[in-house]
Structure formats: C-alpha cells, structure tokens
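To start, the structure under review is shown below, and the notes come after it.
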Amino acid sequence: MTALLEVSSLRKSYGDRVVLDDVSLTVQPHDVICLIGSSGSGKSTLLRCLNLLEDIDDGVITFDGREISDPRVDAREVRSRIGMVFQAYNLFPHLSVLDNCTLAPRKVHGVRRTDAEARALSLLEKFGLADHARKHPDQMSGGQQQRAALVRALCTSPTLLLLDEITAALDPELVGEVLSIVRAEAEAGMTMVLATHEMAFARDVATSVCFLDEGRILEQGPPAEIFSNPREARTREFLRRVLPGGGE
Amino acid sequence: MSDWQPSPRELERRRVRQSLATRSVLIATVLTVAVFVLVGAVVASSPGWDTVKATFFDWQIAKDTFPDILDGFWLNVKLFMICEVFILVLGLAVALARVSRSPWLTPVRIVAILYTDLFRGVPTVLLVLLLGFGVPALQLQGLTNDRYFWAGVALVLSYGAYVAEVFRSGIDSIHPSQIASAQALGLSRPQALRHVVVPQAVRRVVPPLLNDFISLQKDTALISVVGVFDAVFTARDSTGYLFNYTPYVVVAVMFIVITIPLARFTDWLGRRMMRRERAGAR
C-alpha cells in the first residue's frame, strides 16, 4: 500500500521562532492520525502546512504520489482534494448553510447547482441539519455550525480531511454531536489528520497518535501504546495533566 | 535547532521561488511599458494632436500664468485644511447622534437624519451657489457677507453628511458583543461608545475617510462658481483673454500634485491595517 501523504523533515519558522522542526509523518489511506500536544506545540501549523496555507522552510510533502511542496505546484488543485475544518468554524456569514456547502463544488469542481444542492442536502440530512439548510450560520448553535462546516468540507468528496481542533470552541455537551460525524466518517474509511484535545476520542478512533512537543513529533504509535505506556517522560507528563483521573 | 542547514531540496526550492518572483516582476514591467507606449502612440498619432498641443500644453503660457494660479491655489489649500477639521467634528457628532438610544436625544436624532438625507441629496455645487449668494443676500446683522466663508460652510455641510455616514457605517460594523462586554464591565452606553466602539470604528474607516478628503481637495474648486479668486477662477480668467486652455491644465497638475501624496498615504494605511488584522488570524 502506498502512502497517501508523506511528510519528511518538515521545518517551518516564523522569523527566529521555529514552529515545526524536522517533522516526519506517513499517512496511509484510511488512516486516522490524531495530533495531540499542548497549545503552541505546532499541531495547527502542521495542518496548515499540509494544506499549503503556509510556505514551508524545509522538507518535502508528498500527496498522492506527487510532491506538493514544490513552489510550481498549483496549490488550488491540491486543496481541491483536501478538506479542512477550522476551530472557529469559518463558515461564510453572508451565505446560507446550503450555499456555504455548494460554493466549492460549484465554483471549483464545476458541479451544476442542482447536483451540488442535492448532494449537500443529502449530507446535511445525514448529519441532522436538513432543517437548517436555509439558515444563516449566525442563527445556529456552535455545534450545528461546526457540523455544517464538516458537511461543507465533505461536499467536495476530499481524499484527505484535516481537522484543526474542531471541538475546542464548543460546549462539552455539543462536542459529542460533532465528534459522532467524525467517527462516522472514520468508520466509512475517510483518511484524516486531526489535531485534538479530546483524548478519549483519539484513543477510540485513531489508528495512530502523534504527540507533538515544541514543534517536534516526540512520540508516535497506536493509541493503546501512547495512552497506556508512553515512552517519553514529556508525553507522560502531558497525559497526566489532560487525562481525567490522571492525578495532580 | 540552531545547527539546522537548509537541505539541497530546500535550496533548490528557494531558487525556484526566486525565479517565479523574477518572472512576475518581468511580466509586470513589460506589460506596464507596453501599455504606456501604446497609449502615448495613440494620443500622439491622433489627427488633432497638434491643435490640442497648442491650445492645452503651451509651455510659455503655463509659465506665465503659474504665479497667479498658485496664489489662487493657496486659497483652495487653505479652505481644504480648515474645512477638513470642521467636517471631521461635524461628521462624528452627527454619526453619534444617529446611533444614540437615549429618548432625550430623539429630536437631535431626527435632525441628524434629516441633515444627512438633505445634504447628501443636494449637489455640492448648488449648495455652494445657494449659500455663497443666498446668505449674503439675506443682509442679516452680524453675519459676514464673505462668499469665500459661505462657500466653505457649504463644503463643510455637504461633506459633513458624507463623513457622518462613513463614521456611522464604521460604528455599525463593530460587533454588538463589543458593546455587550463593555456594558458587562459596568460602562454606560455613551462610555462604551467613547472608549470601545468609536476607537475601533475610526480605525476601520480611515481609508474611506481619506478617500472623501481627496475628493474634498478637488471640490474646493467649486468655490470658483461664486466668484472667489481661487485657482480655477484665476485660470478661467486667463483662458478668457489668452484664448488658450493651458491654465486649466496648470490647475489640474496642481491638484494632482497635492492629491497624490494623500492617495499613496491612503494605500499605505490600508495595507498596514490589512497586515495587522491578518497578523493575529491564522
């Protein structure tokens, strides 16, 4: 099986501040990679680099057998095959949920409006948002908005889904409804890289967990291993602080 | 970390980025030169170009009329600088009146709405004529009959209405949660406006404000309609007995020379704000 996404020796810095240092990561099709680590450890930046939203300073990113970190690569073409969901939803407030969902299919992928709307509506229906299709994002709860943002990302049938702490801005009781969608997509075989603070979810869904610390992947392995028997002292310390009943 | 050296791949990538950047500059340069050469060629090869050159671009006449026009132009500049201050104050006051909620201020609010509706609707040149000739004709005691003064008042009233709407749109663009959080801290609504909303609003509307001021700089030329000896009136005077339009071109150049710095400043300010707003939001 060839890797869908391969990152090797990735480096990213803002001025003197090195945000990602020698990061290497392999994502196979149908993998669910969870990035964990404290704020500022580089999780979000890594995701943004994968989507070419940031110019990298060194290293190579290969997606679907092709190097995408080459400046001559058409970033739009790459992004059209990668879905991304942000912590702050980033729905377009001037468009209805349905229009949010059909914008990219219609303008980027050239799908006809009726087809785009049919697909968007069926996805909205599937995730319990059918009643909200005509609403504007501001009229919905945070959980509903984030589910709509997920549907927007899924509408283009991406090969890879990047999720950047998508539940971090939500009430605990709304987290579940969003994560259930992610879980469903994972079970349906979607390849995902997600930054998350939801350790229980990571343990449950991830095929592999990466612990990031100060811009490096300090430790990577199957969730059972990382959560039960972490190799690094730094990982143990982090998990002790974030896991319920972890002492302190 | 400090012992990091760019890999050969990265060095090659930098070369590619560099060459892509060079290509962009090259395209921009070639295209710009081509467009300007083309426009110049079309104008210079038009059949009437020699006549136009003689009636609009006579260097000797330009030199001769320049000092008088410059004297008149000083009136325009002075008017602009004085009006600008009053316009800002009036505009902000009207905008604040329009966003006020207090029942006591209802009459003020209505006056403010009527004012913006009325003065944005009347063409500025008519306002200048009406005030410049009309108010002196009233022969009121204690009021000056200076047409320069009344033309200035007309400009302030006209532009004040525009600027008020610019300020108001800025105030409206600040998210209500900002007022809510200010009020949650115990600030009154006027205090919230004064310390939280207006400072953010003003920053946001600086580019459109400067846009209005560039427009005002040019519209000071309207005072010529009431016979004030500003740059335009002086130039018109000269064209009358020289049978040559070069003085108008001289005035146009003067206006361009003073508006360009303001226009560049507006651009720069806009870019700086964009950078700032994007710096935090990644």
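Residues are named by chain letter and number: chains run A, B, ... in the order of the structure tokens, numbers start at 1 in each chain, and ligands are numbered from 1 in the order shown.
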Set the cut-off to 8 Å and count only C-alpha atoms: what are the residues of chain B that reach chain A? Output as an mmCIF file with C-alpha atoms, in the first residue's frame.
```cif
data_model
loop_
_atom_site.group_PDB
_atom_site.id
_atom_site.type_symbol
_atom_site.label_atom_id
_atom_site.label_comp_id
_atom_site.auth_asym_id
_atom_site.auth_seq_id
_atom_site.Cartn_x
_atom_site.Cartn_y
_atom_site.Cartn_z
ATOM 1 C CA MET B 1 17.848 23.639 16.367
ATOM 2 C CA PRO B 6 18.819 24.124 4.543
ATOM 3 C CA SER B 7 18.706 20.824 2.687
ATOM 4 C CA ARG B 9 15.922 20.271 -1.765
ATOM 5 C CA GLU B 10 15.119 23.455 0.134
ATOM 6 C CA ARG B 13 13.040 25.279 -3.857
ATOM 7 C CA VAL B 16 12.502 28.115 -7.954
ATOM 8 C CA ARG B 17 10.645 30.630 -5.766
#
```
Stretch 247-257 of chain B: which residues within 7 Å, counting only C-alpha atoms, same-chain residues fewer than 5 positions away excluded, as a tab-separated table (two decimals) with N, CA and C atoms, in the first residue's frame?
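Saved the output as selection_36.tsv:
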```tsv
chain	number	residue	atom	x	y	z
B	56	PHE	N	-3.70	73.36	-25.30
B	56	PHE	CA	-3.71	72.87	-23.91
B	56	PHE	C	-2.32	72.79	-23.27
B	62	ALA	N	1.92	78.42	-19.74
B	62	ALA	CA	1.94	77.75	-18.44
B	62	ALA	C	2.86	78.50	-17.48
B	65	THR	N	1.29	82.07	-16.51
B	65	THR	CA	0.12	82.12	-15.63
B	65	THR	C	0.35	81.44	-14.29
B	218	LYS	N	-10.35	68.27	-4.24
B	218	LYS	CA	-10.71	68.65	-5.60
B	218	LYS	C	-11.93	69.56	-5.61
B	231	ALA	N	-7.81	79.03	-7.66
B	231	ALA	CA	-7.01	78.60	-8.81
B	231	ALA	C	-7.86	78.48	-10.07
B	232	VAL	N	-9.04	77.89	-9.93
B	232	VAL	CA	-9.86	77.65	-11.12
B	232	VAL	C	-10.36	78.97	-11.70
B	235	ALA	N	-7.63	80.75	-13.40
B	235	ALA	CA	-7.31	80.11	-14.67
B	235	ALA	C	-8.36	80.45	-15.73
B	238	SER	N	-7.73	83.77	-17.11
B	238	SER	CA	-6.63	83.81	-18.08
B	238	SER	C	-7.05	83.21	-19.42
B	239	THR	N	-7.78	82.06	-19.37
B	239	THR	CA	-8.17	81.45	-20.64
B	239	THR	C	-9.03	82.42	-21.44
```
**Q.** Distance criterion (only C-alpha atoms): nearest to A:Ser180 out of A:Ser228, A:Asn51, A:Ser39, A:Thr167
**A.** A:Thr167
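Take atom CA of A:Ala202 and atom CA of A:Ile36: the distance between them is 8.6 Å.
Of the listed residues (A:Leu162, A:Ala148, A:Leu121, A:Val23), A:Val23 comes nearest to A:Glu214; the distances count only C-alpha atoms.
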Q: Using only C-alpha atoms, determine which residues lie at most 12 Å from A:Glu187, disregarding the query and same-chain residues fewer than 2 positions distant; provide the list as an MDAnalysis selection string.
A: chainID A and resid 30:32 180:185 189:192 204:207
Q: Fewer than 2 positions away in the same chain doesn't count, so skip those; otherwise give me all residues within 10 Å of A:Glu117, counting only C-alpha atoms, as a list in words.
A: Leu98, Asp99, Cys101, Thr102, Leu103, Pro105, Arg106, Val111, Arg112, Arg113, Thr114, Asp115, Arg119, Ala120, Leu121, Ser122, Leu123, Ala133 and Cys155 of chain A
Next, dump the selected residues to file, keeping only C-alpha atoms, as a PDB file, in the first residue's frame.
```pdb
ATOM      1  CA  LEU A  98     -26.665  25.314   1.810  1.00  0.00           C
ATOM      2  CA  ASP A  99     -24.783  27.983  -0.141  1.00  0.00           C
ATOM      3  CA  CYS A 101     -21.821  23.841   1.242  1.00  0.00           C
ATOM      4  CA  THR A 102     -22.308  24.248  -2.506  1.00  0.00           C
ATOM      5  CA  LEU A 103     -19.861  27.106  -3.095  1.00  0.00           C
ATOM      6  CA  PRO A 105     -18.491  22.163  -5.588  1.00  0.00           C
ATOM      7  CA  ARG A 106     -19.989  24.736  -7.961  1.00  0.00           C
ATOM      8  CA  VAL A 111     -20.778  20.795 -10.409  1.00  0.00           C
ATOM      9  CA  ARG A 112     -24.204  22.045 -11.520  1.00  0.00           C
ATOM     10  CA  ARG A 113     -26.177  23.877  -8.857  1.00  0.00           C
ATOM     11  CA  THR A 114     -28.977  21.303  -8.699  1.00  0.00           C
ATOM     12  CA  ASP A 115     -26.499  18.422  -8.321  1.00  0.00           C
ATOM     13  CA  ARG A 119     -25.543  16.247  -2.556  1.00  0.00           C
ATOM     14  CA  ALA A 120     -25.269  18.941   0.112  1.00  0.00           C
ATOM     15  CA  LEU A 121     -28.854  18.342   1.231  1.00  0.00           C
ATOM     16  CA  SER A 122     -28.344  14.611   1.496  1.00  0.00           C
ATOM     17  CA  LEU A 123     -25.231  15.139   3.628  1.00  0.00           C
ATOM     18  CA  ALA A 133     -30.102  24.277   5.247  1.00  0.00           C
ATOM     19  CA  CYS A 155     -19.291  18.081  -0.042  1.00  0.00           C
TER      20      CYS A 155
END
```
Q: Do a neighbour search on A:Thr156 at 8 Å with only C-alpha atoms, toss out local chain neighbours closer than 4 positions, and write the hits as JSON, numbers by chain.
A: {"A": [80, 81, 83, 104, 105, 109, 152]}
Create the file for the chosen residues now, containing N, CA and C atoms and written as a compact mmCIF listing (two decimals), in the first residue's frame.
```txt
# COMPACT_ATOMS: atom_id res chain seq x y z
N SER A 80 -8.15 21.36 -3.60
CA SER A 80 -9.47 20.91 -4.03
C SER A 80 -9.66 19.44 -3.68
N ARG A 81 -8.56 18.74 -3.34
CA ARG A 81 -8.71 17.34 -2.97
C ARG A 81 -8.53 17.12 -1.48
N GLY A 83 -9.91 18.37 2.33
CA GLY A 83 -10.90 19.14 3.07
C GLY A 83 -10.30 19.63 4.36
N ALA A 104 -17.93 25.61 -3.06
CA ALA A 104 -16.76 24.97 -3.67
C ALA A 104 -17.14 23.95 -4.75
N PRO A 105 -18.13 23.09 -4.51
CA PRO A 105 -18.49 22.16 -5.59
C PRO A 105 -18.83 22.91 -6.88
N HIS A 109 -15.24 22.80 -8.53
CA HIS A 109 -15.34 21.49 -9.17
C HIS A 109 -16.30 21.48 -10.35
N ARG A 152 -19.63 21.02 4.80
CA ARG A 152 -19.05 21.83 3.73
C ARG A 152 -17.75 21.20 3.23
```
Q | Residue contacts of B:Trp150 (10 Å, only C-alpha atoms) excluding same-chain residues fewer than 4 positions away, as a ChimeraX atom specification | A | /B:127-136,144-146,154-156,223,226
Residues from the last selection, N, CA and C atoms, saved as a PDB file, in the first residue's frame:
```pdb
ATOM      1  N   LEU B 127     -25.222  73.763  -3.440  1.00  0.00           N
ATOM      2  CA  LEU B 127     -25.076  74.242  -2.064  1.00  0.00           C
ATOM      3  C   LEU B 127     -24.167  75.454  -2.026  1.00  0.00           C
ATOM      4  N   VAL B 128     -23.045  75.370  -2.774  1.00  0.00           N
ATOM      5  CA  VAL B 128     -22.095  76.474  -2.793  1.00  0.00           C
ATOM      6  C   VAL B 128     -22.773  77.723  -3.356  1.00  0.00           C
ATOM      7  N   LEU B 129     -23.529  77.560  -4.414  1.00  0.00           N
ATOM      8  CA  LEU B 129     -24.228  78.705  -5.013  1.00  0.00           C
ATOM      9  C   LEU B 129     -25.267  79.282  -4.049  1.00  0.00           C
ATOM     10  N   LEU B 130     -26.075  78.366  -3.450  1.00  0.00           N
ATOM     11  CA  LEU B 130     -27.156  78.831  -2.574  1.00  0.00           C
ATOM     12  C   LEU B 130     -26.613  79.578  -1.370  1.00  0.00           C
ATOM     13  N   LEU B 131     -25.591  78.987  -0.724  1.00  0.00           N
ATOM     14  CA  LEU B 131     -25.059  79.637   0.468  1.00  0.00           C
ATOM     15  C   LEU B 131     -24.207  80.854   0.098  1.00  0.00           C
ATOM     16  N   GLY B 132     -23.400  80.719  -0.955  1.00  0.00           N
ATOM     17  CA  GLY B 132     -22.466  81.784  -1.333  1.00  0.00           C
ATOM     18  C   GLY B 132     -23.191  83.051  -1.767  1.00  0.00           C
ATOM     19  N   PHE B 133     -24.296  82.905  -2.487  1.00  0.00           N
ATOM     20  CA  PHE B 133     -25.040  84.087  -2.924  1.00  0.00           C
ATOM     21  C   PHE B 133     -26.241  84.356  -2.036  1.00  0.00           C
ATOM     22  N   GLY B 134     -26.840  83.262  -1.482  1.00  0.00           N
ATOM     23  CA  GLY B 134     -28.092  83.401  -0.747  1.00  0.00           C
ATOM     24  C   GLY B 134     -27.935  84.051   0.615  1.00  0.00           C
ATOM     25  N   VAL B 135     -26.996  83.569   1.421  1.00  0.00           N
ATOM     26  CA  VAL B 135     -26.888  84.092   2.780  1.00  0.00           C
ATOM     27  C   VAL B 135     -26.519  85.578   2.786  1.00  0.00           C
ATOM     28  N   PRO B 136     -25.544  86.020   1.967  1.00  0.00           N
ATOM     29  CA  PRO B 136     -25.267  87.462   1.947  1.00  0.00           C
ATOM     30  C   PRO B 136     -26.493  88.278   1.535  1.00  0.00           C
ATOM     31  N   THR B 144     -21.230  87.576   8.293  1.00  0.00           N
ATOM     32  CA  THR B 144     -20.337  88.070   7.250  1.00  0.00           C
ATOM     33  C   THR B 144     -20.953  87.863   5.875  1.00  0.00           C
ATOM     34  N   ASN B 145     -20.563  88.704   4.953  1.00  0.00           N
ATOM     35  CA  ASN B 145     -21.009  88.550   3.574  1.00  0.00           C
ATOM     36  C   ASN B 145     -19.922  87.938   2.697  1.00  0.00           C
ATOM     37  N   ASP B 146     -18.886  87.462   3.343  1.00  0.00           N
ATOM     38  CA  ASP B 146     -17.747  86.914   2.606  1.00  0.00           C
ATOM     39  C   ASP B 146     -18.165  85.627   1.888  1.00  0.00           C
ATOM     40  N   ALA B 154     -20.650  75.721   2.941  1.00  0.00           N
ATOM     41  CA  ALA B 154     -21.367  74.784   2.072  1.00  0.00           C
ATOM     42  C   ALA B 154     -20.603  73.471   1.941  1.00  0.00           C
ATOM     43  N   LEU B 155     -19.296  73.566   1.763  1.00  0.00           N
ATOM     44  CA  LEU B 155     -18.491  72.342   1.648  1.00  0.00           C
ATOM     45  C   LEU B 155     -18.546  71.529   2.937  1.00  0.00           C
ATOM     46  N   VAL B 156     -18.442  72.222   4.085  1.00  0.00           N
ATOM     47  CA  VAL B 156     -18.481  71.518   5.372  1.00  0.00           C
ATOM     48  C   VAL B 156     -19.817  70.789   5.517  1.00  0.00           C
ATOM     49  N   ILE B 223     -15.630  76.549  -5.303  1.00  0.00           N
ATOM     50  CA  ILE B 223     -15.849  77.916  -4.815  1.00  0.00           C
ATOM     51  C   ILE B 223     -15.687  78.928  -5.952  1.00  0.00           C
ATOM     52  N   VAL B 226     -18.815  80.981  -7.152  1.00  0.00           N
ATOM     53  CA  VAL B 226     -19.345  82.195  -6.538  1.00  0.00           C
ATOM     54  C   VAL B 226     -18.357  83.358  -6.692  1.00  0.00           C
TER      55      VAL B 226
END
```
(Q) Residues near stretch 75-84 of chain B, anyone? I mean within 10 Å using only C-alpha atoms, not counting same-chain ones fewer than 4 positions away, as an NGL selection string. (A) :B and (70-71 or 88-90 or 148-149 or 151-157 or 159-160 or 212-214 or 216-224 or 228-232 or 255 or 258)
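In this comparison, which uses only C-alpha atoms, the residue of A:Asp55, A:Glu77, A:Glu173, A:Glu219 approaching A:Arg236 most closely is A:Glu219.
Closest approach to A:Phe86 among A:Leu46, A:Val19, A:Leu129, A:Ala169 is made by A:Ala169 (distances from only C-alpha atoms).
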